[in-house]
Amino acid sequence: MSENDGHHVADSPGTGKSHLAQAIGRAVIQQGYRVVYREAHTLLEDLADATLLGTRKDYVAELATVPLLIIDDLGMRKLPHTAAEDLLVLPCQIVRLFPECLRDLI
């Protein structure tokens with residue numbers, strides 16, 4: 001957890017990506033760090049709910065403070081029509097709230 005960078009893992013269904021992501025998350029927790037693990041559809045539902053409740057900024061701020069955010073199963077379920085925009089805007093919102101995160105987004 002000493003490096004601040006993002007990773008993307010893609011492969012065919014059933015190849016162990018989720019298992020690997022969960023194992024990494026568990027190892028990071030065992031090192032004393034906080035981890036948020038969300039399937040993409042759940043994260044997007046949470047963002048939509050937070051928007052409706054007027055708490056989106058707080059929710060994004062909460063995500064930005066977690067050392068490891070794992071977004072799993074992108075594309076495994078039908079996503080709402082706002083999904084692409086939400087997933088593209090989320091990093092920008094994090095940077096706006098926490099400019100120091102800019103170096104982490106490539």
# chains A, B, ... in the order shown; residues from 1 in each chain; ligands from 1

$ residues_around --residues "segment 21-30 of chain A" --least-positions-apart "3" --cutoff "9 Å" --atoms "only C-alpha atoms" --output "number ranges by chain"
A: 1, 9, 16-18, 33-37, 68-72

$ residues_around --residues "segment 45-49 of chain A" --least-positions-apart "6" --cutoff "8 Å" --atoms "only C-alpha atoms" --output "ChimeraX atom specification"
/A:56,59,86

$ write_last_selection --atoms "C-alpha atoms" --output "short mmCIF file (atom, residue, chain, number, x, y, z; two decimals), in the first residue's frame"
data_model
loop_
_atom_site.label_atom_id
_atom_site.label_comp_id
_atom_site.auth_asym_id
_atom_site.auth_seq_id
_atom_site.Cartn_x
_atom_site.Cartn_y
_atom_site.Cartn_z
CA ARG A 56 -23.44 12.26 -3.02
CA TYR A 59 -20.42 9.46 -0.22
CA ASP A 86 -21.08 8.04 -13.11
#

$ closest_residue --among "A:Gly32, A:Pro13, A:Leu44, A:Glu39" --to "Pro67 of chain A" --atoms "only C-alpha atoms"
A:Gly32

$ atom_distance --atom1 "atom CA of Ala40 of chain A" --atom2 "atom CA of Leu63 of chain A"
13.6 Å

$ closest_residue --among "A:Glu62, A:Asp73, A:His19, A:Lys57" --to "Thr42 of chain A" --atoms "only C-alpha atoms"
A:Asp73

$ atom_distance --atom1 "atom CA of Leu53 of chain A" --atom2 "atom CA of Leu74 of chain A"
24.6 Å
